[in-house]
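Have a look at structure31.pdb; it's PDB, C-alpha atoms:
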ATOM      1  CA  MET Z 432     -14.833 -31.195  67.204
ATOM      2  CA  PHE Z 433     -12.782 -28.610  69.063
ATOM      3  CA  THR Z 434     -10.619 -27.943  65.957
ATOM      4  CA  ARG Z 435     -13.634 -27.527  63.656
ATOM      5  CA  ALA Z 436     -15.335 -25.116  66.070
ATOM      6  CA  PHE Z 437     -12.126 -23.169  66.531
ATOM      7  CA  LEU Z 438     -11.636 -22.741  62.793
ATOM      8  CA  ALA Z 439     -15.256 -21.732  62.328
ATOM      9  CA  GLY Z 440     -14.955 -19.110  65.025
ATOM     10  CA  ARG Z 441     -11.695 -17.824  63.609
ATOM     11  CA  SER Z 442     -13.163 -17.420  60.128
ATOM     12  CA  ALA Z 443     -16.178 -15.632  61.541
ATOM     13  CA  SER Z 444     -14.052 -13.254  63.601
ATOM     14  CA  SER Z 445     -11.816 -12.496  60.633
ATOM     15  CA  ALA Z 446     -14.874 -11.751  58.527
ATOM     16  CA  VAL Z 447     -16.116  -9.351  61.168
ATOM     17  CA  ILE Z 448     -12.717  -7.672  61.337
ATOM     18  CA  ARG Z 449     -12.604  -7.222  57.571
ATOM     19  CA  THR Z 450     -16.038  -5.684  57.389
ATOM     20  CA  ALA Z 451     -15.479  -3.481  60.400
ATOM     21  CA  ALA Z 452     -12.105  -2.133  59.295
ATOM     22  CA  PRO Z 453     -12.109   1.625  58.659
ATOM     23  CA  ARG Z 454     -11.944   2.808  55.053
ATOM     24  CA  SER Z 455      -8.622   4.567  55.620
ATOM     25  CA  LEU Z 456      -6.900   1.263  56.443
ATOM     26  CA  LEU Z 457      -7.959  -0.391  53.167
ATOM     27  CA  SER Z 458      -5.718  -0.433  50.119
ATOM     28  CA  THR Z 459      -6.186   2.597  47.902
ATOM     29  CA  SER Z 460      -4.707   0.984  44.794
ATOM     30  CA  ALA Z 461      -8.118   0.560  43.205
ATOM     31  CA  VAL Z 462      -9.018   4.195  43.844
ATOM     32  CA  ALA Z 463      -5.654   5.376  42.525
ATOM     33  CA  HIS Z 464      -5.957   3.210  39.420
ATOM     34  CA  LYS Z 465      -9.400   4.617  38.722
ATOM     35  CA  ALA Z 466      -8.097   8.161  39.093
ATOM     36  CA  LYS Z 467      -5.305   7.510  36.600
ATOM     37  CA  LEU Z 468      -7.619   6.274  33.862
ATOM     38  CA  PRO Z 469      -7.627   8.736  30.954
ATOM     39  CA  HIS Z 470     -10.824  10.522  30.134
ATOM     40  CA  GLU Z 471     -12.653   9.469  27.025
ATOM     41  CA  LYS Z 472     -11.440  11.508  24.060
ATOM     42  CA  LEU Z 473     -13.903  13.651  22.180
ATOM     43  CA  ARG Z 474     -14.564  12.613  18.618
ATOM     44  CA  TYR Z 475     -15.317  15.064  15.840
ATOM     45  CA  ALA Z 476     -16.912  14.615  12.462
ATOM     46  CA  PRO Z 477     -17.313  17.334   9.825
ATOM     47  CA  GLU Z 478     -20.785  18.637   9.196
ATOM     48  CA  VAL Z 479     -21.885  17.458   5.772
ATOM     49  CA  GLY Z 480     -24.809  19.135   4.110
ATOM     50  CA  GLU Z 481     -26.037  19.085   0.542
ATOM     51  CA  LEU Z 482     -23.465  18.079  -2.055
ATOM     52  CA  LYS Z 483     -22.360  21.162  -3.930
ATOM     53  CA  LEU Z 484     -19.238  22.565  -5.526
ATOM     54  CA  GLY Z 485     -16.769  24.564  -3.469
ATOM     55  CA  ASP Z 486     -13.552  26.491  -3.903
ATOM     56  CA  TYR Z 487     -10.260  24.630  -3.750
ATOM     57  CA  THR Z 488      -7.607  26.279  -1.572
ATOM     58  CA  ALA Z 489      -3.968  25.547  -0.813
ATOM     59  CA  ASN Z 490      -4.983  23.985   2.538
ATOM     60  CA  SER Z 491      -7.658  21.742   1.043
ATOM     61  CA  GLN Z 492      -7.113  17.996   0.843
ATOM     62  CA  ARG Z 493      -9.465  15.983  -1.326
ATOM     63  CA  THR Z 494     -10.317  12.353  -0.770
ATOM     64  CA  GLY Z 495      -8.552   9.544  -2.568
ATOM     65  CA  VAL Z 496     -10.127   6.675  -4.477
ATOM     66  CA  ILE Z 497      -9.736   2.922  -4.899
ATOM     67  CA  ALA Z 498      -9.012   1.716  -8.421
ATOM     68  CA  ARG Z 499      -8.237  -1.592 -10.088
ATOM     69  CA  LYS Z 500      -5.033  -2.032 -12.015
ATOM     70  CA  LYS Z 501      -5.881  -3.203 -15.538
ATOM     71  CA  GLY Z 502      -2.357  -3.390 -16.939
ATOM     72  CA  MET Z 503       0.201  -1.316 -18.829
ATOM     73  CA  THR Z 504       0.118   0.109 -22.318
ATOM     74  CA  GLY Z 505       1.511   3.091 -24.190
ATOM     75  CA  MET Z 506       0.238   6.387 -25.534
ATOM     76  CA  TRP Z 507       1.677   9.324 -27.444
ATOM     77  CA  ASP Z 508       1.792  12.885 -26.234
ATOM     78  CA  GLU Z 509       1.281  15.988 -28.396
ATOM     79  CA  TRP Z 510       4.918  15.782 -29.590
ATOM     80  CA  GLY Z 511       4.579  12.189 -30.779
ATOM     81  CA  VAL Z 512       6.711  10.754 -27.978
ATOM     82  CA  ARG Z 513       5.557   7.386 -26.671
ATOM     83  CA  VAL Z 514       4.813   7.349 -22.936
ATOM     84  CA  PRO Z 515       4.370   4.107 -20.925
ATOM     85  CA  VAL Z 516       1.201   4.289 -18.833
ATOM     86  CA  THR Z 517      -0.783   2.137 -16.402
ATOM     87  CA  VAL Z 518      -4.557   1.936 -16.766
ATOM     88  CA  LEU Z 519      -6.531   2.247 -13.509
ATOM     89  CA  GLN Z 520     -10.304   1.755 -13.506
ATOM     90  CA  LEU Z 521     -12.739   3.022 -10.874
ATOM     91  CA  GLU Z 522     -15.517   0.478 -10.233
ATOM     92  CA  LYS Z 523     -18.498   1.866  -8.290
ATOM     93  CA  VAL Z 524     -16.405   3.929  -5.900
ATOM     94  CA  GLN Z 525     -18.636   5.297  -3.117
ATOM     95  CA  VAL Z 526     -18.377   7.040   0.224
ATOM     96  CA  VAL Z 527     -19.368   4.442   2.820
ATOM     97  CA  SER Z 528     -19.044   6.390   6.068
ATOM     98  CA  ILE Z 529     -17.489   9.444   7.737
ATOM     99  CA  ILE Z 530     -14.931   8.488  10.379
ATOM    100  CA  LYS Z 531     -14.820  10.522  13.586
ATOM    101  CA  THR Z 532     -11.395  11.788  14.654
ATOM    102  CA  SER Z 533      -9.959  13.371  17.803
ATOM    103  CA  ASN Z 534      -8.833  16.470  15.890
ATOM    104  CA  PRO Z 535     -11.556  18.824  14.632
ATOM    105  CA  SER Z 536      -9.259  20.146  11.889
ATOM    106  CA  CYS Z 537      -8.798  16.658  10.373
ATOM    107  CA  ALA Z 538     -11.343  14.235   9.004
ATOM    108  CA  ARG Z 539     -11.395  10.837   7.350
ATOM    109  CA  LEU Z 540     -13.656   9.215   4.788
ATOM    110  CA  GLN Z 541     -14.216   5.493   4.362
ATOM    111  CA  ILE Z 542     -14.292   4.720   0.647
ATOM    112  CA  GLY Z 543     -15.566   1.472  -0.879
ATOM    113  CA  CYS Z 544     -14.930  -0.031  -4.305
ATOM    114  CA  GLY Z 545     -16.555  -2.783  -6.337
ATOM    115  CA  VAL Z 546     -19.432  -5.057  -5.340
ATOM    116  CA  ARG Z 547     -19.436  -8.008  -2.936
ATOM    117  CA  LYS Z 548     -22.137 -10.648  -2.895
ATOM    118  CA  GLU Z 549     -24.361 -10.576   0.153
ATOM    119  CA  LYS Z 550     -23.742 -14.264   0.877
ATOM    120  CA  ASN Z 551     -20.004 -13.537   1.069
ATOM    121  CA  THR Z 552     -20.447 -10.614   3.477
ATOM    122  CA  SER Z 553     -20.164 -11.188   7.210
ATOM    123  CA  LYS Z 554     -23.059 -10.163   9.447
ATOM    124  CA  PRO Z 555     -21.153  -7.337  11.185
ATOM    125  CA  MET Z 556     -20.109  -5.844   7.838
ATOM    126  CA  LYS Z 557     -23.616  -6.303   6.435
ATOM    127  CA  GLY Z 558     -24.966  -4.352   9.393
ATOM    128  CA  HIS Z 559     -22.363  -1.657   8.763
ATOM    129  CA  TYR Z 560     -23.435  -1.302   5.129
ATOM    130  CA  ASP Z 561     -27.146  -1.386   5.978
ATOM    131  CA  ALA Z 562     -26.697   1.323   8.613
ATOM    132  CA  HIS Z 563     -25.240   3.660   5.996
ATOM    133  CA  GLY Z 564     -27.516   2.595   3.137
ATOM    134  CA  VAL Z 565     -24.696   1.357   0.882
ATOM    135  CA  GLU Z 566     -24.417  -1.977  -0.889
ATOM    136  CA  PRO Z 567     -21.577  -4.309   0.216
ATOM    137  CA  LYS Z 568     -18.200  -3.383  -1.244
ATOM    138  CA  ALA Z 569     -15.299  -5.565  -2.329
ATOM    139  CA  LYS Z 570     -12.692  -3.308  -0.688
ATOM    140  CA  LEU Z 571     -12.658  -0.583   1.946
ATOM    141  CA  PHE Z 572      -9.998   2.035   2.684
ATOM    142  CA  GLU Z 573      -9.832   5.253   4.692
ATOM    143  CA  PHE Z 574      -8.466   8.532   3.345
ATOM    144  CA  PRO Z 575      -7.620  11.689   5.320
ATOM    145  CA  ILE Z 576      -9.310  14.865   4.112
ATOM    146  CA  SER Z 577      -9.748  18.450   5.170
ATOM    147  CA  PRO Z 578     -13.144  19.272   6.749
ATOM    148  CA  ASP Z 579     -14.205  21.340   3.728
ATOM    149  CA  ALA Z 580     -13.713  18.311   1.431
ATOM    150  CA  ALA Z 581     -16.196  16.033   3.223
ATOM    151  CA  LEU Z 582     -18.706  14.191   1.052
ATOM    152  CA  PRO Z 583     -22.134  12.815   1.999
ATOM    153  CA  VAL Z 584     -22.457   9.075   2.480
ATOM    154  CA  GLY Z 585     -23.353   7.322  -0.773
ATOM    155  CA  THR Z 586     -21.646   9.836  -3.065
ATOM    156  CA  GLU Z 587     -20.154   8.158  -6.126
ATOM    157  CA  ILE Z 588     -16.684   9.235  -7.255
ATOM    158  CA  SER Z 589     -15.790   8.914 -10.926
ATOM    159  CA  ALA Z 590     -12.614   9.242 -12.951
ATOM    160  CA  ALA Z 591     -13.466  12.921 -13.528
ATOM    161  CA  HIS Z 592     -12.350  13.455  -9.930
ATOM    162  CA  PHE Z 593      -8.823  13.749 -11.354
ATOM    163  CA  VAL Z 594      -7.469  16.421 -13.678
ATOM    164  CA  PRO Z 595      -5.219  15.457 -16.626
ATOM    165  CA  GLY Z 596      -1.723  16.645 -15.863
ATOM    166  CA  GLN Z 597      -2.029  16.546 -12.085
ATOM    167  CA  LEU Z 598       0.264  14.483  -9.829
ATOM    168  CA  VAL Z 599      -0.971  11.512  -7.803
ATOM    169  CA  ASP Z 600       0.441   9.071  -5.254
ATOM    170  CA  VAL Z 601      -0.405   5.384  -5.655
ATOM    171  CA  THR Z 602      -0.149   2.714  -2.946
ATOM    172  CA  ALA Z 603      -0.553  -1.058  -3.278
ATOM    173  CA  PRO Z 604       1.112  -4.292  -2.102
ATOM    174  CA  GLY Z 605       4.116  -5.091  -4.277
ATOM    175  CA  LEU Z 606       4.701  -8.428  -5.971
ATOM    176  CA  GLY Z 607       5.747 -11.192  -3.586
ATOM    177  CA  LYS Z 608       9.128 -12.768  -4.353
ATOM    178  CA  GLY Z 609       9.071 -15.531  -1.748
ATOM    179  CA  PHE Z 610      12.042 -16.492   0.449
ATOM    180  CA  GLN Z 611      15.176 -14.975  -1.061
ATOM    181  CA  GLY Z 612      18.855 -14.723  -0.211
ATOM    182  CA  VAL Z 613      20.802 -11.616   0.661
ATOM    183  CA  MET Z 614      22.089 -11.043  -2.876
ATOM    184  CA  LYS Z 615      18.607 -10.727  -4.347
ATOM    185  CA  ARG Z 616      16.894  -9.281  -1.289
ATOM    186  CA  TRP Z 617      19.465  -6.694  -0.208
ATOM    187  CA  GLY Z 618      21.871  -6.463  -3.127
ATOM    188  CA  PHE Z 619      24.886  -8.038  -1.417
ATOM    189  CA  SER Z 620      27.880  -8.697  -3.669
ATOM    190  CA  GLY Z 621      28.401 -12.230  -2.362
ATOM    191  CA  GLY Z 622      31.653 -14.111  -2.055
ATOM    192  CA  ARG Z 623      34.445 -14.633  -4.571
ATOM    193  CA  ALA Z 624      33.962 -16.977  -7.508
ATOM    194  CA  SER Z 625      37.253 -18.828  -6.994
ATOM    195  CA  HIS Z 626      40.664 -18.478  -5.293
ATOM    196  CA  GLY Z 627      39.973 -20.437  -2.181
ATOM    197  CA  ASN Z 628      36.212 -19.963  -1.986
ATOM    198  CA  SER Z 629      34.289 -23.173  -1.370
ATOM    199  CA  LEU Z 630      30.489 -23.279  -1.016
ATOM    200  CA  ALA Z 631      30.336 -19.619   0.080
ATOM    201  CA  HIS Z 632      29.617 -17.835  -3.199
ATOM    202  CA  ARG Z 633      26.214 -16.389  -2.212
ATOM    203  CA  THR Z 634      26.429 -16.453   1.571
ATOM    204  CA  PRO Z 635      25.885 -13.274   3.647
ATOM    205  CA  GLY Z 636      29.172 -13.589   5.503
ATOM    206  CA  SER Z 637      29.576 -12.340   9.051
ATOM    207  CA  THR Z 638      26.409 -11.462  10.973
ATOM    208  CA  GLY Z 639      28.074  -9.446  13.765
ATOM    209  CA  ASN Z 640      30.884  -9.163  16.280
ATOM    210  CA  ILE Z 641      31.815 -11.637  18.997
ATOM    211  CA  ASN Z 642      30.808  -8.994  21.508
ATOM    212  CA  PRO Z 643      27.914  -8.702  22.512
ATOM    213  CA  GLY Z 644      27.514 -12.237  21.172
ATOM    214  CA  ARG Z 645      24.157 -11.731  19.512
ATOM    215  CA  VAL Z 646      22.678 -10.532  16.230
ATOM    216  CA  TYR Z 647      21.363  -6.983  16.299
ATOM    217  CA  PRO Z 648      17.686  -6.506  15.411
ATOM    218  CA  GLY Z 649      17.146  -5.394  11.824
ATOM    219  CA  LYS Z 650      20.219  -7.198  10.481
ATOM    220  CA  LYS Z 651      19.934  -7.744   6.729
ATOM    221  CA  MET Z 652      19.602 -11.497   6.306
ATOM    222  CA  PRO Z 653      17.722 -13.930   4.050
ATOM    223  CA  GLY Z 654      13.954 -13.872   4.380
ATOM    224  CA  ARG Z 655      10.646 -13.257   2.674
ATOM    225  CA  MET Z 656      10.864 -10.570   0.028
ATOM    226  CA  GLY Z 657       8.088  -8.387  -1.373
ATOM    227  CA  GLY Z 658       4.379  -8.476  -0.638
ATOM    228  CA  LYS Z 659       4.459  -5.225   1.384
ATOM    229  CA  ASN Z 660       2.807  -1.898   0.685
ATOM    230  CA  VAL Z 661       4.712   0.245  -1.794
ATOM    231  CA  THR Z 662       3.969   3.914  -2.503
ATOM    232  CA  VAL Z 663       5.047   5.630  -5.712
ATOM    233  CA  ILE Z 664       4.765   9.406  -5.506
ATOM    234  CA  ARG Z 665       4.226  12.203  -8.017
ATOM    235  CA  LEU Z 666       2.953  10.198 -11.002
ATOM    236  CA  PRO Z 667       1.363  12.393 -13.700
ATOM    237  CA  VAL Z 668      -2.166  11.620 -14.880
ATOM    238  CA  MET Z 669      -1.819  11.420 -18.658
ATOM    239  CA  LYS Z 670      -5.446  10.817 -19.669
ATOM    240  CA  VAL Z 671      -8.939  10.590 -18.161
ATOM    241  CA  ASP Z 672     -11.678   8.520 -19.820
ATOM    242  CA  THR Z 673     -15.120   9.329 -18.425
ATOM    243  CA  ALA Z 674     -16.921   6.627 -20.453
ATOM    244  CA  LEU Z 675     -14.737   3.733 -19.237
ATOM    245  CA  ASN Z 676     -14.177   5.463 -15.882
ATOM    246  CA  CYS Z 677     -10.411   4.995 -16.252
ATOM    247  CA  ILE Z 678      -7.335   7.109 -15.662
ATOM    248  CA  TRP Z 679      -3.996   6.660 -17.416
ATOM    249  CA  VAL Z 680      -1.063   7.141 -15.033
ATOM    250  CA  LYS Z 681       2.476   7.581 -16.338
ATOM    251  CA  GLY Z 682       4.899   4.811 -15.456
ATOM    252  CA  PRO Z 683       4.538   1.542 -13.521
ATOM    253  CA  VAL Z 684       2.295   1.017 -10.520
ATOM    254  CA  PRO Z 685       2.977  -1.574  -7.788
ATOM    255  CA  GLY Z 686       0.891  -4.734  -7.634
ATOM    256  CA  HIS Z 687      -0.370  -7.310 -10.083
ATOM    257  CA  ASP Z 688      -3.219  -6.894 -12.543
ATOM    258  CA  GLU Z 689      -6.679  -6.554 -10.938
ATOM    259  CA  GLN Z 690      -4.984  -5.377  -7.751
ATOM    260  CA  PHE Z 691      -6.770  -2.713  -5.676
ATOM    261  CA  ILE Z 692      -4.775   0.520  -5.831
ATOM    262  CA  LYS Z 693      -5.134   3.561  -3.564
ATOM    263  CA  VAL Z 694      -4.889   6.754  -5.626
ATOM    264  CA  ARG Z 695      -4.801  10.208  -4.027
ATOM    265  CA  ASP Z 696      -3.516  13.701  -4.731
ATOM    266  CA  SER Z 697       0.221  14.036  -4.193
ATOM    267  CA  THR Z 698       1.311  15.446  -0.853
ATOM    268  CA  LYS Z 699       5.112  15.781  -1.146
ATOM    269  CA  LEU Z 700       5.375  18.630  -3.607
ATOM    270  CA  ILE Z 701       8.936  19.963  -3.794
ATOM    271  CA  LYS Z 702       9.281  22.360  -6.736
ATOM    272  CA  HIS Z 703       6.221  20.703  -8.268
ATOM    273  CA  ARG Z 704       2.668  21.846  -8.965
ATOM    274  CA  LEU Z 705      -0.155  19.540  -7.910
ATOM    275  CA  PHE Z 706      -2.459  20.708 -10.701
ATOM    276  CA  PRO Z 707      -1.613  22.253 -14.083
ATOM    277  CA  GLU Z 708      -1.654  26.013 -14.187
ATOM    278  CA  GLY Z 709      -5.143  27.321 -14.856
ATOM    279  CA  ALA Z 710      -6.833  23.928 -14.387
ATOM    280  CA  ALA Z 711     -10.383  23.795 -13.014
ATOM    281  CA  VAL Z 712     -10.154  21.520  -9.949
ATOM    282  CA  PRO Z 713     -13.418  19.672  -9.137
ATOM    283  CA  PHE Z 714     -13.839  20.284  -5.426
ATOM    284  CA  PRO Z 715     -14.722  18.352  -3.366
ATOM    285  CA  THR Z 716     -15.282  16.055  -6.356
ATOM    286  CA  TYR Z 717     -16.827  16.045  -9.813
ATOM    287  CA  ILE Z 718     -20.594  16.491  -9.481
ATOM    288  CA  PRO Z 719     -22.712  15.703 -12.577
ATOM    289  CA  GLY Z 720     -25.087  18.559 -13.308
ATOM    290  CA  GLN Z 721     -23.064  21.120 -11.367
ATOM    291  CA  SER Z 722     -19.563  20.653 -12.767
ATOM    292  CA  PRO Z 723     -18.960  21.593 -16.412
ATOM    293  CA  ALA Z 724     -19.536  18.803 -18.929
ATOM    294  CA  LEU Z 725     -16.412  16.921 -20.007
ATOM    295  CA  PRO Z 726     -15.604  15.076 -23.250
ATOM    296  CA  ARG Z 727     -15.059  11.354 -23.148
ATOM    297  CA  GLU Z 728     -11.265  11.618 -23.262
ATOM    298  CA  THR Z 729      -9.120  14.406 -21.870
ATOM    299  CA  ILE Z 730      -5.375  14.183 -22.524
ATOM    300  CA  ALA Z 731      -2.739  16.038 -20.544
ATOM    301  CA  LYS Z 732      -0.539  18.594 -22.283
ATOM    302  CA  VAL Z 733       3.147  18.005 -21.719
ATOM    303  CA  GLY Z 734       4.145  21.438 -22.979
ATOM    304  CA  GLY Z 735       7.653  22.684 -23.513
ATOM    305  CA  GLN Z 736       9.608  22.354 -26.749
ATOM    306  CA  ASP Z 737       9.317  19.572 -29.309
ATOM    307  CA  PRO Z 738      12.005  17.070 -28.244
ATOM    308  CA  LEU Z 739      12.264  15.641 -31.779
ATOM    309  CA  VAL Z 740      13.330  18.969 -33.282
ATOM    310  CA  PRO Z 741      17.055  19.658 -32.788
ATOM    311  CA  SER Z 742      17.782  22.806 -30.863
ATOM    312  CA  SER Z 743      19.576  25.712 -32.474
ATOM    313  CA  ASP Z 744      22.340  25.711 -29.830
TER     314      ASP Z 744
END
Rewrite the structure from the file as structure tokens, please.
Amino acid sequence: MFTRAFLAGRSASSAVIRTAAPRSLLSTSAVAHKAKLPHEKLRYAPEVGELKLGDYTANSQRTGVIARKKGMTGMWDEWGVRVPVTVLQLEKVQVVSIIKTSNPSCARLQIGCGVRKEKNTSKPMKGHYDAHGVEPKAKLFEFPISPDAALPVGTEISAAHFVPGQLVDVTAPGLGKGFQGVMKRWGFSGGRASHGNSLAHRTPGSTGNINPGRVYPGKKMPGRMGGKNVTVIRLPVMKVDTALNCIWVKGPVPGHDEQFIKVRDSTKLIKHRLFPEGAAVPFPTYIPGQSPALPRETIAKVGGQDPLVPSSD
């Protein structure tokens, strides 16, 4: 009885002491932590009005698009030279939303491609599409733009967004190669074929020194190869087909057939022109009824001298 009463009195006195302690004696870690919390960053979004044509400048950056890779074929330029090309098709490419950024001089657009069934769309994504009045998309990507290149939500982007002869950058996951050794993955020469070599023809060899007694991070060793994003820069657009909504891009493009490809205007231009000289750039995009009418097919002009005619030198 005495012990129970003593403990009860001790707990009560300690409670009184805690409540009666002055504020200056309490720990200020909570107050200091609250003071160190960063303020919420301001978010900016470009003001988007009615869709109308504008003037393209050197500081303008148009939005990119999402296309499907249909495969490779060949075409002939005006000199009769065969050019390998990859066909990319734009399937119901639309602006889904305008992303707010912390920098007022930069903006981002969320672009959607294709159609997804409503039963295969999650409830959060369905609410996102319903809030912006856009049907569910098969793929979504974000593209950085300049504020003057912003597009209203729901704007459709066609193949006429690109100009024949311009340069584009394409990005897509490369083909997966599975688990590979160092000779295939990193190009190692391997061991000798004979002269004392036994069961070490394709081995990586030494993986480091005895000191510090560990393998450094990033050491080239066997592992999974491929399946990562690959970007190919400065590919010329050889042809634009407005009826099939396709663009013909010179050379190979990463990814398998039916792969979603990100296509945007080239950014690393060293001694290159983004658009052909004198070309009419649709800015911020091609707008039916406002932009000049285009034929079904527009083919890029290579220019220069006929390579099949021998030079006089």
Which residues, named as in the file, does the PyMOL selection byres ((chain Z and resi 732-739) around 12) pick out? Answer as a list in words. Trp507, Asp508, Glu509, Trp510, Gly511, Val512, Arg513, Val514, Val594, Pro595, Gly596, Gln597, Pro667, Val668, Met669, Lys670, Lys681, Phe706, Pro707, Glu708, Ala710, Thr729, Ile730, Ala731, Val740, Pro741, Ser742 and Ser743 of chain Z
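For Lys483 of chain Z, the list of residues within 10 Å, based on all atoms listed in the file and with local chain neighbours fewer than 6 positions off taken out, reads Leu582, Phe714, Pro715, Thr716, Tyr717, Ile718, Gln721 and Ser722 of chain Z.
Among the candidate residues Z:Asp672, Z:Glu481, Z:Asp600, Z:Glu573, the one lying nearest to Ile529 of chain Z is Z:Glu573, with distances computed using all atoms listed in the file.
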Which residues come within 8 Å of segment 683-694 of chain Z, counting all atoms listed in the file, excluding same-chain residues fewer than 3 positions away, as a VMD selection string? chain Z and resid 495 to 503 515 to 517 570 599 to 606 661 to 663
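Residues lying within 7 Å of Gly621 of chain Z, counting only C-alpha atoms and ignoring same-chain neighbours fewer than 3 positions away, are Met614, His632, Arg633, Thr634 and Pro635 of chain Z.
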The residues within 12 Å of (12.2, -12.7, -1.5), using only C-alpha atoms and the coordinates of the file, should be reported as a PyMOL selection string; which are they? chain Z and resi 605-618+652-659
In the coordinate frame of the file, compute which residues have an atom within 7 Å of (-12.5, 8.1, -1.7) when using all atoms listed in the file, and state them as a PyMOL selection string. chain Z and resi 494-497+525-526+540-542+574
Would you export the selected residues with C-alpha atoms as a PDB file, in the coordinates of the input, please?
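Listing of result.pdb after writing:
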ATOM      1  CA  THR Z 494     -10.317  12.353  -0.770  1.00  0.00           C
ATOM      2  CA  GLY Z 495      -8.552   9.544  -2.568  1.00  0.00           C
ATOM      3  CA  VAL Z 496     -10.127   6.675  -4.477  1.00  0.00           C
ATOM      4  CA  ILE Z 497      -9.736   2.922  -4.899  1.00  0.00           C
ATOM      5  CA  GLN Z 525     -18.636   5.297  -3.117  1.00  0.00           C
ATOM      6  CA  VAL Z 526     -18.377   7.040   0.224  1.00  0.00           C
ATOM      7  CA  LEU Z 540     -13.656   9.215   4.788  1.00  0.00           C
ATOM      8  CA  GLN Z 541     -14.216   5.493   4.362  1.00  0.00           C
ATOM      9  CA  ILE Z 542     -14.292   4.720   0.647  1.00  0.00           C
ATOM     10  CA  PHE Z 574      -8.466   8.532   3.345  1.00  0.00           C
TER      11      PHE Z 574
END
Applied to this file, what does the PyMOL selection byres ((chain Z and resi 585) around 8) return in terms of residues, put as a VMD selection string? chain Z and resid 525 to 527 563 to 565 583 to 584 586 to 587
Padding of 6 Å on every side, edges along x, y and z, all listed atoms of segment 611-617 of chain Z included: what centre and edge lengths in Å, to one decimal, does that box have, as JSON?
{"center_x": 18.6, "center_y": -10.8, "center_z": -1.8, "size_x": 18.9, "size_y": 20.3, "size_z": 17.0}
Taking the file as shown, what set of residues would the PyMOL selection byres ((chain Z and resi 544-557) around 7) give back, as a PyMOL selection string? chain Z and resi 497+522-525+542-543+558-561+567-571
Distance of atom CA of His626 of chain Z from atom CA of Lys651 of chain Z, expressed in Å to one decimal place: 26.3 Å
Can you rebuild segment 518-522 of chain Z with all heavy atoms and give it as a short mmCIF file (atom, residue, chain, number, x, y, z; two decimals), keeping the file's coordinate frame?
data_model
loop_
_atom_site.label_atom_id
_atom_site.label_comp_id
_atom_site.auth_asym_id
_atom_site.auth_seq_id
_atom_site.Cartn_x
_atom_site.Cartn_y
_atom_site.Cartn_z
N VAL Z 518 -3.13 1.65 -16.73
CA VAL Z 518 -4.56 1.94 -16.77
C VAL Z 518 -5.17 1.53 -15.43
O VAL Z 518 -5.04 0.38 -14.99
CB VAL Z 518 -5.24 1.19 -17.92
CG1 VAL Z 518 -6.73 1.54 -17.96
CG2 VAL Z 518 -4.58 1.54 -19.24
N LEU Z 519 -5.84 2.48 -14.78
CA LEU Z 519 -6.53 2.25 -13.51
C LEU Z 519 -8.01 2.55 -13.70
O LEU Z 519 -8.37 3.62 -14.19
CB LEU Z 519 -5.95 3.13 -12.40
CG LEU Z 519 -4.44 3.03 -12.17
CD1 LEU Z 519 -4.00 4.02 -11.10
CD2 LEU Z 519 -4.04 1.62 -11.78
N GLN Z 520 -8.86 1.61 -13.31
CA GLN Z 520 -10.30 1.76 -13.51
C GLN Z 520 -11.01 1.87 -12.16
O GLN Z 520 -10.71 1.12 -11.22
CB GLN Z 520 -10.88 0.57 -14.28
CG GLN Z 520 -12.35 0.74 -14.67
CD GLN Z 520 -12.86 -0.38 -15.54
OE1 GLN Z 520 -12.37 -1.51 -15.46
NE2 GLN Z 520 -13.83 -0.09 -16.39
N LEU Z 521 -11.94 2.82 -12.08
CA LEU Z 521 -12.74 3.02 -10.87
C LEU Z 521 -14.05 2.28 -11.03
O LEU Z 521 -14.83 2.57 -11.96
CB LEU Z 521 -13.00 4.51 -10.63
CG LEU Z 521 -11.86 5.34 -10.03
CD1 LEU Z 521 -10.68 5.46 -10.98
CD2 LEU Z 521 -12.36 6.71 -9.62
N GLU Z 522 -14.32 1.31 -10.15
CA GLU Z 522 -15.52 0.48 -10.23
C GLU Z 522 -16.44 0.78 -9.05
O GLU Z 522 -16.20 0.34 -7.93
CB GLU Z 522 -15.15 -1.00 -10.24
CG GLU Z 522 -14.26 -1.43 -11.40
CD GLU Z 522 -13.87 -2.88 -11.31
OE1 GLU Z 522 -14.23 -3.53 -10.30
OE2 GLU Z 522 -13.23 -3.38 -12.24
#
